[in-house]
Every structure is written in C-alpha cells, then in structure tokens.
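Undergrad: Attaching a single structure in structure tokens format; questions to follow.
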Amino acid sequence: MSERTGLYPGTFDPVTNGHVDVIGRAARLCDRLVVGVSVNIGKGPLFPLEERVELVRAETAVIAARTGCKVDVLPFQGLLIGFAKEVGASMIVRGLRAVSDFDYEFQMAGMNHRLDPGIETVFLMASETNQFISSRFVKEIAQLGGDIASFVPALTLERTLARVRA
C-alpha cells in the first residue's frame with residue numbers, strides 16, 4: 001500500500017493552538033503530513049516566511065513523535081494544487097472554525113477538484129476550545145497589549161510578544 005500524504009496549507013502568521021490541533025488530528029489520518037507555509041505577502045505577515053516555518057516545525061515536533069506520522073514543514077508559493085502535486089499529496093486538509101469558513105472553503109475545494117480530481121479535500125472541524133481563534137485576531141490582540149497566552153503555543157507566544165514590542 002502506498003504512503004498517504006496529506007497537505008495542510010496556511011500562512012501560520014502566527015501558528016495558533018487551533019492550527020496545532022488540526023495538525024495533530026490530520027496526522028492521525030496520514031502516513032506523512034506536509035504543513036505548507038505560504039508566502040502570501042498580500043496578508044502583510046508579522047513574521048518572515050523562514051521564521052513562520054521554524055515556529056511551525058518547533059510547535060509540531062511532538063505531534064510526529066506522538067502519532068508516528070512524518071510531519072514535514074515546507075514553505076511554498078504559487079498554486080496550492082501545484083504544491084500538492086509536488087509533495088505527492090493525495091489530500092488537502094482544511095480546518096473549519098465556523099459556518100462562515102465553510103462557504104469559502106467549499107468554493108476552494110470545488111476549484112481544486114476541477115484542477116486535479118485525484119486530490120481530495122478533507123475538512124476537519126476545529127475543536128470547541130479553538131473554534132474562535134484566528135491568527136488575525138491573535139496578532140491584533142497582541143498589538144493592542146492583550147493576553148494571547150491561551151491562543152498560541154509557548155514559543156510562538158514568546159516570539160509574537162517580542163515582535164510586537166520591538
């Protein structure tokens with residue numbers, strides 16, 4: 001039987017507890033999970049690409065050990081389907097927080113299916129404790145001096161606070 005490779009893409013700016021939750025659950029579905037960290041300069045990232053990759057690697061290292069799934073964290077730019085083919089993914093994993101996410105993700109899944117019907121999109125609901133967390137809100141709260149400790153892992157907390165205070 002061939003290796004099942006999943007791809008979980010995002011900007012991860014910063015990586016949140018919600019992202020880590022979805023990564024952990026996706027790792028139980030795959031033999032190999034590629035976490036694709038997108039360049040996406042249009043969003044005006046707080047962290048440069050290299051640091052986002054580093055943070056995701058650090059925050060997800062324990063998941064690979066716990067699940068036995070190989071977790072690779074790789075940067076990418078361009079079309080998601082092209083990157084999925086490049087890494088040999090048979091599925092794209094997308095996290096859903098609320099109904100509002102579904103409309104966008106449903107459209108994206110349809111477009112991706114038209115581009116390559118051999119790559120499935122799998123939706124994972126965020127756990128109830130993480131459904132309201134978004135990187136955008138985390139950055140905004142941090143920049144306004146609020147407490148983000150319950151929204152992000154420890155290293156990400158440290159780095160985010162250092163960056164917004166600089």
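Simple scheme: letters A, B, ... for chains in structure tokens order, numbers from 1 for residues in each chain, numbers from 1 for ligands in the order shown.
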So which residues touch A:Arg25 within 12 Å, counting only C-alpha atoms, skipping near sequence neighbours fewer than 2 positions away, as a VMD selection string?
TA: chain A and resid 6 8 18 to 23 27 to 30 33 60 63 to 64 66 to 67 69 93 to 95 122 to 127
Undergrad: Tell me, as a VMD selection string, which residues lie within 6 Å of A:Val35, counting only C-alpha atoms; anything in the same chain fewer than 3 positions away does not count.
TA: chain A and resid 7 to 9 73
Undergrad: Could the residues in this selection be saved with C-alpha atoms as an mmCIF file, in the first residue's frame?
TA:
```
data_model
loop_
_atom_site.group_PDB
_atom_site.id
_atom_site.type_symbol
_atom_site.label_atom_id
_atom_site.label_comp_id
_atom_site.auth_asym_id
_atom_site.auth_seq_id
_atom_site.Cartn_x
_atom_site.Cartn_y
_atom_site.Cartn_z
ATOM 1 C CA LEU A 7 -1.133 18.666 2.882
ATOM 2 C CA TYR A 8 -2.263 21.255 5.404
ATOM 3 C CA PRO A 9 -1.620 24.714 3.923
ATOM 4 C CA VAL A 73 7.036 21.734 7.285
#
```
Undergrad: Please give the complete set of residues from stretch 5-162 of chain A that DSSP, run on the backbone, assigns to helix (DSSP H, G or I), formatted as number ranges by chain.
TA: A: 17-27, 41-43, 49-67, 80-87, 99-115, 135-143, 154-162
Undergrad: Near stretch 146-154 of chain A, within 6 Å and counting only C-alpha atoms, which residues show up once chain neighbours fewer than 3 positions away are dropped, as a PyMOL selection string?
TA: chain A and resi 16-17+141-142+157
Undergrad: Excluding same-chain residues fewer than 3 positions from A:Ala89, what lies within 9 Å of it counting only C-alpha atoms, as number ranges by chain?
TA: A: 4-7, 32-34, 83-86, 92, 119
Undergrad: Going by DSSP on the backbone, which residues of stretch 45-125 of chain A come out as strand (DSSP E)? List them as a list of chain:residue names.
TA: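 Matching residues, listed in order: A:Lys70, A:Val71, A:Asp72, A:Val73, A:Leu74, A:Pro75, A:Phe76, A:Met91, A:Ile92, A:Val93, A:Arg94, A:Gly95, A:Leu96, A:Glu120, A:Thr121, A:Val122, A:Phe123, A:Leu124, A:Met125.
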Undergrad: Quick one: residues within 9 Å of A:Val39, only C-alpha atoms counted, chain neighbours fewer than 5 positions away excluded, as a PDB file with C-alpha atoms, in the first residue's frame?
TA:
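The result, written out as out-v8.pdb:
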```pdb
ATOM      1  CA  THR A  11       0.136  31.276   6.349  1.00  0.00           C
ATOM      2  CA  PRO A  45       2.731  38.949   7.644  1.00  0.00           C
ATOM      3  CA  PRO A  48       9.007  36.479   7.795  1.00  0.00           C
ATOM      4  CA  LEU A  49       8.484  33.167   5.981  1.00  0.00           C
ATOM      5  CA  PRO A  75       7.476  26.866   2.542  1.00  0.00           C
ATOM      6  CA  PHE A  76       5.605  27.356  -0.717  1.00  0.00           C
ATOM      7  CA  GLN A  77       4.273  29.955  -3.067  1.00  0.00           C
ATOM      8  CA  GLY A  78       2.009  29.739  -6.045  1.00  0.00           C
TER       9      GLY A  78
END
```
Undergrad: Find the residues around stretch 130-137 of chain A up to 6 Å (only C-alpha atoms counted), leave out those fewer than 6 positions away in its own chain, and share them as an MDAnalysis selection string.
TA: chainID A and resid 13:14 18 97
Undergrad: For atom CA of A:Gly10 and atom CA of A:Val37, quote the distance in Å rounded to one decimal.
TA: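 These two atoms are separated by 5.5 Å.
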